[in-house]
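K.L.:
Pasting protein-v7.pdb here (PDB, C-alpha atoms, pLDDT in the B column):
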```
ATOM      1  CA  MET P  18      27.397  -2.647   8.103  1.00 93.00           C
ATOM      2  CA  LYS P  19      26.940  -1.728  11.772  1.00 96.00           C
ATOM      3  CA  GLU P  20      26.512   1.929  10.785  1.00 96.00           C
ATOM      4  CA  ILE P  21      23.701   0.955   8.431  1.00 93.00           C
ATOM      5  CA  ASP P  22      22.038  -1.209  11.076  1.00 96.00           C
ATOM      6  CA  ASP P  23      22.256   1.657  13.574  1.00 96.00           C
ATOM      7  CA  ALA P  24      20.834   4.147  11.075  1.00 95.00           C
ATOM      8  CA  LEU P  25      18.049   1.744  10.126  1.00 94.00           C
ATOM      9  CA  ASN P  26      17.152   1.190  13.775  1.00 96.00           C
ATOM     10  CA  ALA P  27      17.134   4.965  14.297  1.00 97.00           C
ATOM     11  CA  LEU P  28      14.786   5.389  11.323  1.00 96.00           C
ATOM     12  CA  ILE P  29      12.491   2.666  12.643  1.00 97.00           C
ATOM     13  CA  ASN P  30      12.379   4.379  16.043  1.00 97.00           C
ATOM     14  CA  VAL P  31      11.544   7.704  14.411  1.00 97.00           C
ATOM     15  CA  ILE P  32       8.776   6.079  12.355  1.00 97.00           C
ATOM     16  CA  LYS P  33       7.358   4.457  15.484  1.00 98.00           C
ATOM     17  CA  SER P  34       7.227   7.856  17.168  1.00 98.00           C
ATOM     18  CA  THR P  35       5.165   9.499  14.400  1.00 98.00           C
ATOM     19  CA  LYS P  36       1.516  10.418  14.687  1.00 98.00           C
ATOM     20  CA  GLU P  37       0.784   8.438  11.507  1.00 97.00           C
ATOM     21  CA  TYR P  38       2.279   5.204  12.812  1.00 98.00           C
ATOM     22  CA  ASN P  39       0.704   5.484  16.259  1.00 98.00           C
ATOM     23  CA  GLN P  40      -2.722   6.413  14.953  1.00 98.00           C
ATOM     24  CA  TYR P  41      -2.608   3.491  12.518  1.00 98.00           C
ATOM     25  CA  GLN P  42      -1.529   1.039  15.255  1.00 98.00           C
ATOM     26  CA  THR P  43      -4.193   2.305  17.673  1.00 98.00           C
ATOM     27  CA  LEU P  44      -6.973   1.976  15.122  1.00 98.00           C
ATOM     28  CA  LEU P  45      -5.695  -1.415  13.954  1.00 98.00           C
ATOM     29  CA  LYS P  46      -5.966  -2.707  17.537  1.00 98.00           C
ATOM     30  CA  LYS P  47      -9.519  -1.320  17.833  1.00 98.00           C
ATOM     31  CA  VAL P  48     -10.553  -2.896  14.544  1.00 98.00           C
ATOM     32  CA  LYS P  49      -9.040  -6.251  15.540  1.00 98.00           C
ATOM     33  CA  ASN P  50     -11.193  -6.151  18.687  1.00 98.00           C
ATOM     34  CA  GLU P  51     -14.220  -6.404  16.383  1.00 97.00           C
ATOM     35  CA  PRO P  52     -13.592  -9.666  14.513  1.00 97.00           C
ATOM     36  CA  GLU P  53     -16.472  -9.323  12.036  1.00 97.00           C
ATOM     37  CA  LEU P  54     -15.459  -5.794  11.089  1.00 97.00           C
ATOM     38  CA  TYR P  55     -11.789  -6.763  10.892  1.00 97.00           C
ATOM     39  CA  GLY P  56     -12.645  -9.703   8.632  1.00 97.00           C
ATOM     40  CA  ARG P  57     -14.680  -7.473   6.338  1.00 96.00           C
ATOM     41  CA  ILE P  58     -11.861  -4.913   6.169  1.00 97.00           C
ATOM     42  CA  CYS P  59      -9.370  -7.675   5.358  1.00 97.00           C
ATOM     43  CA  ASP P  60     -11.655  -8.990   2.603  1.00 96.00           C
ATOM     44  CA  TYR P  61     -11.840  -5.509   1.097  1.00 95.00           C
ATOM     45  CA  ARG P  62      -8.086  -4.968   1.316  1.00 94.00           C
ATOM     46  CA  ARG P  63      -7.355  -8.387  -0.277  1.00 95.00           C
ATOM     47  CA  LYS P  64      -9.767  -7.796  -3.157  1.00 94.00           C
ATOM     48  CA  SER P  65      -8.565  -4.225  -3.632  1.00 92.00           C
ATOM     49  CA  LEU P  66      -4.920  -5.271  -3.793  1.00 92.00           C
ATOM     50  CA  ALA P  67      -5.687  -8.127  -6.194  1.00 92.00           C
ATOM     51  CA  LEU P  68      -7.536  -5.700  -8.448  1.00 91.00           C
ATOM     52  CA  GLN P  69      -4.694  -3.167  -8.345  1.00 88.00           C
ATOM     53  CA  LEU P  70      -2.161  -5.845  -9.273  1.00 88.00           C
ATOM     54  CA  SER P  71      -4.260  -7.275 -12.089  1.00 87.00           C
ATOM     55  CA  ASP P  72      -4.169  -6.350 -15.751  1.00 84.00           C
ATOM     56  CA  ASN P  73      -7.943  -6.072 -15.764  1.00 82.00           C
ATOM     57  CA  GLU P  74      -9.157  -4.138 -18.805  1.00 86.00           C
ATOM     58  CA  ASN P  75     -12.329  -3.240 -16.909  1.00 89.00           C
ATOM     59  CA  PHE P  76     -10.457  -1.825 -13.931  1.00 91.00           C
ATOM     60  CA  ILE P  77     -12.741   1.170 -13.423  1.00 92.00           C
ATOM     61  CA  GLN P  78     -15.895  -0.927 -13.530  1.00 94.00           C
ATOM     62  CA  GLU P  79     -14.385  -3.607 -11.288  1.00 93.00           C
ATOM     63  CA  ASN P  80     -13.210  -0.941  -8.833  1.00 92.00           C
ATOM     64  CA  ASN P  81     -16.693   0.601  -8.795  1.00 94.00           C
ATOM     65  CA  ASN P  82     -18.154  -2.859  -8.136  1.00 94.00           C
ATOM     66  CA  LEU P  83     -15.707  -3.353  -5.275  1.00 94.00           C
ATOM     67  CA  GLN P  84     -16.558   0.049  -3.796  1.00 93.00           C
ATOM     68  CA  ASN P  85     -20.267  -0.791  -3.986  1.00 95.00           C
ATOM     69  CA  GLU P  86     -19.745  -4.217  -2.421  1.00 95.00           C
ATOM     70  CA  PHE P  87     -17.987  -2.670   0.578  1.00 95.00           C
ATOM     71  CA  ALA P  88     -19.802   0.692   0.725  1.00 94.00           C
ATOM     72  CA  ASP P  89     -21.081  -0.132   4.206  1.00 93.00           C
ATOM     73  CA  LEU P  90     -17.516   0.089   5.564  1.00 92.00           C
ATOM     74  CA  LEU P  91     -17.421   3.812   4.782  1.00 84.00           C
ATOM     75  CA  ASN P  92     -20.533   4.326   6.927  1.00 89.00           C
ATOM     76  CA  ILE P  93     -18.919   2.718   9.959  1.00 94.00           C
ATOM     77  CA  GLY P  94     -16.906   5.329  11.834  1.00 94.00           C
ATOM     78  CA  LEU P  95     -14.184   2.961  13.046  1.00 97.00           C
ATOM     79  CA  SER P  96     -13.480   1.410   9.655  1.00 96.00           C
ATOM     80  CA  ASN P  97     -13.539   4.825   7.982  1.00 94.00           C
ATOM     81  CA  GLU P  98     -11.039   6.140  10.537  1.00 96.00           C
ATOM     82  CA  TYR P  99      -8.900   3.040  10.076  1.00 97.00           C
ATOM     83  CA  PHE P 100      -8.758   3.467   6.286  1.00 95.00           C
ATOM     84  CA  ALA P 101      -7.810   7.140   6.681  1.00 96.00           C
ATOM     85  CA  ALA P 102      -5.044   6.287   9.175  1.00 97.00           C
ATOM     86  CA  GLU P 103      -3.769   3.443   6.991  1.00 96.00           C
ATOM     87  CA  HIS P 104      -3.658   5.814   4.024  1.00 96.00           C
ATOM     88  CA  GLN P 105      -1.678   8.441   5.952  1.00 97.00           C
ATOM     89  CA  TYR P 106       0.770   5.830   7.200  1.00 97.00           C
ATOM     90  CA  CYS P 107       1.242   4.442   3.672  1.00 95.00           C
ATOM     91  CA  VAL P 108       1.825   7.963   2.306  1.00 96.00           C
ATOM     92  CA  MET P 109       4.619   8.408   4.858  1.00 96.00           C
ATOM     93  CA  ILE P 110       6.204   5.046   4.004  1.00 96.00           C
ATOM     94  CA  ARG P 111       5.906   5.784   0.264  1.00 94.00           C
ATOM     95  CA  LYS P 112       7.725   9.085   0.777  1.00 95.00           C
ATOM     96  CA  ILE P 113      10.543   7.272   2.584  1.00 93.00           C
ATOM     97  CA  GLN P 114      10.773   4.736  -0.251  1.00 91.00           C
ATOM     98  CA  GLU P 115      10.814   7.441  -2.912  1.00 90.00           C
ATOM     99  CA  CYS P 116      13.567   9.366  -1.135  1.00 90.00           C
ATOM    100  CA  TYR P 117      15.600   6.202  -0.757  1.00 87.00           C
ATOM    101  CA  LEU P 118      15.223   5.245  -4.406  1.00 84.00           C
ATOM    102  CA  GLU P 119      16.066   8.761  -5.588  1.00 85.00           C
ATOM    103  CA  GLU P 120      19.173   9.067  -3.450  1.00 89.00           C
ATOM    104  CA  ILE P 121      20.578   5.542  -3.597  1.00 86.00           C
ATOM    105  CA  SER P 122      21.037   4.448  -7.167  1.00 79.00           C
ATOM    106  CA  ILE P 123      20.967   0.848  -8.216  1.00 77.00           C
ATOM    107  CA  GLU P 124      20.989  -0.371 -11.776  1.00 76.00           C
ATOM    108  CA  THR P 125      17.534  -1.654 -12.679  1.00 72.00           C
ATOM    109  CA  ASP P 126      17.633  -1.897 -16.460  1.00 74.00           C
ATOM    110  CA  PHE P 127      17.507  -5.680 -16.127  1.00 75.00           C
ATOM    111  CA  LEU P 128      13.894  -5.291 -15.000  1.00 71.00           C
ATOM    112  CA  GLU P 129      12.843  -4.311 -18.496  1.00 69.00           C
ATOM    113  CA  VAL P 130      10.420  -6.871 -19.779  1.00 59.00           C
ATOM    114  CA  LEU P 131       9.133  -7.026 -23.323  1.00 47.00           C
ATOM    115  CA  ARG P 132       5.898  -8.760 -24.144  1.00 43.00           C
ATOM    116  CA  LEU P 133       4.741  -9.109 -27.732  1.00 40.00           C
ATOM    117  CA  GLY P 134       1.116  -9.731 -28.458  1.00 40.00           C
ATOM    118  CA  ASP P 135      -1.613  -8.553 -30.801  1.00 40.00           C
ATOM    119  CA  GLN P 136       1.065  -6.882 -32.934  1.00 36.00           C
ATOM    120  CA  GLN P 137       1.921  -4.558 -30.056  1.00 39.00           C
ATOM    121  CA  ALA P 138       5.050  -4.379 -27.990  1.00 40.00           C
ATOM    122  CA  GLU P 139       4.473  -3.520 -24.373  1.00 42.00           C
ATOM    123  CA  ALA P 140       7.396  -2.556 -22.217  1.00 40.00           C
ATOM    124  CA  LEU P 141       7.532  -2.375 -18.476  1.00 39.00           C
ATOM    125  CA  VAL P 142      10.538  -0.310 -17.585  1.00 40.00           C
ATOM    126  CA  VAL P 143      11.550   0.499 -14.067  1.00 40.00           C
ATOM    127  CA  ARG P 144      14.321   3.059 -14.216  1.00 39.00           C
ATOM    128  CA  GLN P 145      15.979   5.536 -11.977  1.00 39.00           C
ATOM    129  CA  GLN P 146      15.407   9.121 -13.052  1.00 37.00           C
TER     130      GLN P 146
END
```
What do you get writing this file as structure tokens?
P.N.:
Amino acid sequence: MKEIDDALNALINVIKSTKEYNQYQTLLKKVKNEPELYGRICDYRRKSLALQLSDNENFIQENNNLQNEFADLLNIGLSNEYFAAEHQYCVMIRKIQECYLEEISIETDFLEVLRLGDQQAEALVVRQQ
């Protein structure tokens, strides 16, 4: 287990040395120095995540409504820069996760969930390729 801990710590140190991580952290600190802006960004992020995790049949309309509600954030240079940096950082982390999941197999068939309703069967299957 020590080898894994060492490798994990090495990965964390590499991540912390990336442009994506440092740009994100720098902009996060700047945004936090403006409490009203930070609060507005947090509200947007909370609502956006809730929408993404919902089974809302009107997702596109609700997303458009959300974008309109927070359109002012895109006109503020700092918040726009923050969102871009956050996106780049998340892309990097997603790539790490995808590589991990592709290379380290774990049986996930137990995650299959069947829901029956309205004479339709809907399956959520998370499987390794």
K.L.:
Which polymer residues have any atom within 7 Å of an atom of segment 96-113 of chain P, counting all atoms listed in the file, with same-chain residues fewer than 3 positions away left out, as a VMD selection string?
P.N.:
chain P and resid 37 to 38 40 to 41 44 to 45 90 to 91 93 116 to 117
K.L.:
At what distance in Å, to one decimal, does atom CA of Pro52 of chain P lie from atom CA of Asn81 of chain P?
P.N.:
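Distance between the two atoms: 25.7 Å.
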K.L.:
How many Å lie between atom CA of Tyr55 of chain P and atom CA of Asn82 of chain P, rounded to one decimal?
P.N.:
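It comes out at 20.4 Å.
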K.L.:
Could you please determine the separation between atom CA of Leu128 of chain P and atom CA of Asn75 of chain P in Å, to one decimal place?
P.N.:
26.4 Å
K.L.:
From the options P:Gln69, P:Phe87, P:Gln78, P:Lys33, which residue's atoms come nearest to Gly56 of chain P, counting only C-alpha atoms?
P.N.:
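Smallest separation from Gly56 of chain P among the options: P:Phe87.
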K.L.:
Run the PyMOL selection byres ((chain P and resi 80) around 12) mentally over the shown coordinates, then write out the matched residues as a PyMOL selection string, using the chain letters and numbers from the document.
P.N.:
chain P and resi 61+64-69+71+73-79+81-88
K.L.:
With 4 Å on each side, where is the centre of the axis-aligned box around all listed atoms of segment 38-54 of chain P, and how long are its edges in Å to one decimal, as JSON?
P.N.:
```
{"center_x": -7.1, "center_y": -1.6, "center_z": 14.9, "size_x": 26.8, "size_y": 24.1, "size_z": 15.6}
```
K.L.:
Output segment 113-124 of chain P as a PDB file, in the coordinates of the input, making sure all heavy atoms are there.
P.N.:
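Result written to selection-v8.pdb:
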```
ATOM      1  N   ILE P 113       9.241   7.814   2.178  1.00 93.00           N
ATOM      2  CA  ILE P 113      10.543   7.272   2.584  1.00 93.00           C
ATOM      3  C   ILE P 113      11.131   6.433   1.449  1.00 93.00           C
ATOM      4  O   ILE P 113      12.308   6.568   1.104  1.00 93.00           O
ATOM      5  CB  ILE P 113      10.410   6.442   3.880  1.00 93.00           C
ATOM      6  CG1 ILE P 113      10.059   7.355   5.059  1.00 93.00           C
ATOM      7  CG2 ILE P 113      11.691   5.653   4.165  1.00 93.00           C
ATOM      8  CD1 ILE P 113       9.608   6.618   6.299  1.00 93.00           C
ATOM      9  N   GLN P 114      10.305   5.580   0.858  1.00 91.00           N
ATOM     10  CA  GLN P 114      10.773   4.736  -0.251  1.00 91.00           C
ATOM     11  C   GLN P 114      11.231   5.582  -1.438  1.00 91.00           C
ATOM     12  O   GLN P 114      12.267   5.297  -2.039  1.00 91.00           O
ATOM     13  CB  GLN P 114       9.666   3.786  -0.709  1.00 91.00           C
ATOM     14  CG  GLN P 114       9.385   2.682   0.267  1.00 91.00           C
ATOM     15  CD  GLN P 114       8.200   1.841  -0.162  1.00 91.00           C
ATOM     16  OE1 GLN P 114       7.172   2.354  -0.614  1.00 91.00           O
ATOM     17  NE2 GLN P 114       8.332   0.543  -0.016  1.00 91.00           N
ATOM     18  N   GLU P 115      10.453   6.592  -1.776  1.00 90.00           N
ATOM     19  CA  GLU P 115      10.814   7.441  -2.912  1.00 90.00           C
ATOM     20  C   GLU P 115      12.127   8.165  -2.661  1.00 90.00           C
ATOM     21  O   GLU P 115      12.976   8.241  -3.556  1.00 90.00           O
ATOM     22  CB  GLU P 115       9.692   8.435  -3.210  1.00 90.00           C
ATOM     23  CG  GLU P 115       8.474   7.781  -3.835  1.00 90.00           C
ATOM     24  CD  GLU P 115       7.274   8.710  -3.920  1.00 90.00           C
ATOM     25  OE1 GLU P 115       7.340   9.873  -3.442  1.00 90.00           O
ATOM     26  OE2 GLU P 115       6.243   8.263  -4.460  1.00 90.00           O
ATOM     27  N   CYS P 116      12.306   8.694  -1.470  1.00 90.00           N
ATOM     28  CA  CYS P 116      13.567   9.366  -1.135  1.00 90.00           C
ATOM     29  C   CYS P 116      14.736   8.398  -1.236  1.00 90.00           C
ATOM     30  O   CYS P 116      15.788   8.733  -1.792  1.00 90.00           O
ATOM     31  CB  CYS P 116      13.509   9.965   0.269  1.00 90.00           C
ATOM     32  SG  CYS P 116      12.486  11.425   0.409  1.00 90.00           S
ATOM     33  N   TYR P 117      14.553   7.217  -0.705  1.00 87.00           N
ATOM     34  CA  TYR P 117      15.600   6.202  -0.757  1.00 87.00           C
ATOM     35  C   TYR P 117      15.965   5.889  -2.202  1.00 87.00           C
ATOM     36  O   TYR P 117      17.140   5.890  -2.577  1.00 87.00           O
ATOM     37  CB  TYR P 117      15.141   4.937  -0.023  1.00 87.00           C
ATOM     38  CG  TYR P 117      16.067   3.766  -0.213  1.00 87.00           C
ATOM     39  CD1 TYR P 117      17.257   3.674   0.493  1.00 87.00           C
ATOM     40  CD2 TYR P 117      15.771   2.765  -1.130  1.00 87.00           C
ATOM     41  CE1 TYR P 117      18.118   2.607   0.313  1.00 87.00           C
ATOM     42  CE2 TYR P 117      16.628   1.692  -1.321  1.00 87.00           C
ATOM     43  CZ  TYR P 117      17.805   1.626  -0.602  1.00 87.00           C
ATOM     44  OH  TYR P 117      18.653   0.579  -0.791  1.00 87.00           O
ATOM     45  N   LEU P 118      14.961   5.624  -3.023  1.00 84.00           N
ATOM     46  CA  LEU P 118      15.223   5.245  -4.406  1.00 84.00           C
ATOM     47  C   LEU P 118      15.836   6.384  -5.215  1.00 84.00           C
ATOM     48  O   LEU P 118      16.616   6.148  -6.135  1.00 84.00           O
ATOM     49  CB  LEU P 118      13.940   4.745  -5.073  1.00 84.00           C
ATOM     50  CG  LEU P 118      13.428   3.411  -4.539  1.00 84.00           C
ATOM     51  CD1 LEU P 118      12.074   3.077  -5.143  1.00 84.00           C
ATOM     52  CD2 LEU P 118      14.421   2.291  -4.795  1.00 84.00           C
ATOM     53  N   GLU P 119      15.491   7.616  -4.877  1.00 85.00           N
ATOM     54  CA  GLU P 119      16.066   8.761  -5.588  1.00 85.00           C
ATOM     55  C   GLU P 119      17.521   8.991  -5.196  1.00 85.00           C
ATOM     56  O   GLU P 119      18.341   9.377  -6.023  1.00 85.00           O
ATOM     57  CB  GLU P 119      15.253  10.023  -5.300  1.00 85.00           C
ATOM     58  CG  GLU P 119      13.928  10.059  -6.018  1.00 85.00           C
ATOM     59  CD  GLU P 119      13.087  11.271  -5.634  1.00 85.00           C
ATOM     60  OE1 GLU P 119      13.616  12.198  -4.979  1.00 85.00           O
ATOM     61  OE2 GLU P 119      11.902  11.282  -5.989  1.00 85.00           O
ATOM     62  N   GLU P 120      17.843   8.742  -3.953  1.00 89.00           N
ATOM     63  CA  GLU P 120      19.173   9.067  -3.450  1.00 89.00           C
ATOM     64  C   GLU P 120      20.181   7.923  -3.563  1.00 89.00           C
ATOM     65  O   GLU P 120      21.374   8.151  -3.621  1.00 89.00           O
ATOM     66  CB  GLU P 120      19.084   9.533  -1.991  1.00 89.00           C
ATOM     67  CG  GLU P 120      18.288  10.811  -1.811  1.00 89.00           C
ATOM     68  CD  GLU P 120      18.904  12.003  -2.536  1.00 89.00           C
ATOM     69  OE1 GLU P 120      20.150  12.112  -2.573  1.00 89.00           O
ATOM     70  OE2 GLU P 120      18.133  12.820  -3.062  1.00 89.00           O
ATOM     71  N   ILE P 121      19.700   6.711  -3.541  1.00 86.00           N
ATOM     72  CA  ILE P 121      20.578   5.542  -3.597  1.00 86.00           C
ATOM     73  C   ILE P 121      20.333   4.857  -4.947  1.00 86.00           C
ATOM     74  O   ILE P 121      19.323   4.211  -5.147  1.00 86.00           O
ATOM     75  CB  ILE P 121      20.254   4.540  -2.455  1.00 86.00           C
ATOM     76  CG1 ILE P 121      20.253   5.219  -1.099  1.00 86.00           C
ATOM     77  CG2 ILE P 121      21.204   3.358  -2.507  1.00 86.00           C
ATOM     78  CD1 ILE P 121      21.591   5.774  -0.670  1.00 86.00           C
ATOM     79  N   SER P 122      21.274   5.008  -5.834  1.00 79.00           N
ATOM     80  CA  SER P 122      21.037   4.448  -7.167  1.00 79.00           C
ATOM     81  C   SER P 122      21.457   2.988  -7.220  1.00 79.00           C
ATOM     82  O   SER P 122      22.436   2.562  -6.615  1.00 79.00           O
ATOM     83  CB  SER P 122      21.804   5.249  -8.216  1.00 79.00           C
ATOM     84  OG  SER P 122      23.189   5.115  -8.031  1.00 79.00           O
ATOM     85  N   ILE P 123      20.667   2.244  -7.941  1.00 77.00           N
ATOM     86  CA  ILE P 123      20.967   0.848  -8.216  1.00 77.00           C
ATOM     87  C   ILE P 123      20.505   0.588  -9.647  1.00 77.00           C
ATOM     88  O   ILE P 123      19.450   1.066 -10.062  1.00 77.00           O
ATOM     89  CB  ILE P 123      20.289  -0.113  -7.213  1.00 77.00           C
ATOM     90  CG1 ILE P 123      20.753  -1.544  -7.452  1.00 77.00           C
ATOM     91  CG2 ILE P 123      18.793  -0.002  -7.244  1.00 77.00           C
ATOM     92  CD1 ILE P 123      20.386  -2.509  -6.335  1.00 77.00           C
ATOM     93  N   GLU P 124      21.299  -0.112 -10.380  1.00 76.00           N
ATOM     94  CA  GLU P 124      20.989  -0.371 -11.776  1.00 76.00           C
ATOM     95  C   GLU P 124      19.786  -1.303 -11.862  1.00 76.00           C
ATOM     96  O   GLU P 124      19.777  -2.378 -11.251  1.00 76.00           O
ATOM     97  CB  GLU P 124      22.222  -0.996 -12.454  1.00 76.00           C
ATOM     98  CG  GLU P 124      22.149  -1.050 -13.959  1.00 76.00           C
ATOM     99  CD  GLU P 124      21.471  -2.304 -14.470  1.00 76.00           C
ATOM    100  OE1 GLU P 124      21.635  -3.372 -13.875  1.00 76.00           O
ATOM    101  OE2 GLU P 124      20.754  -2.180 -15.460  1.00 76.00           O
TER     102      GLU P 124
END
```
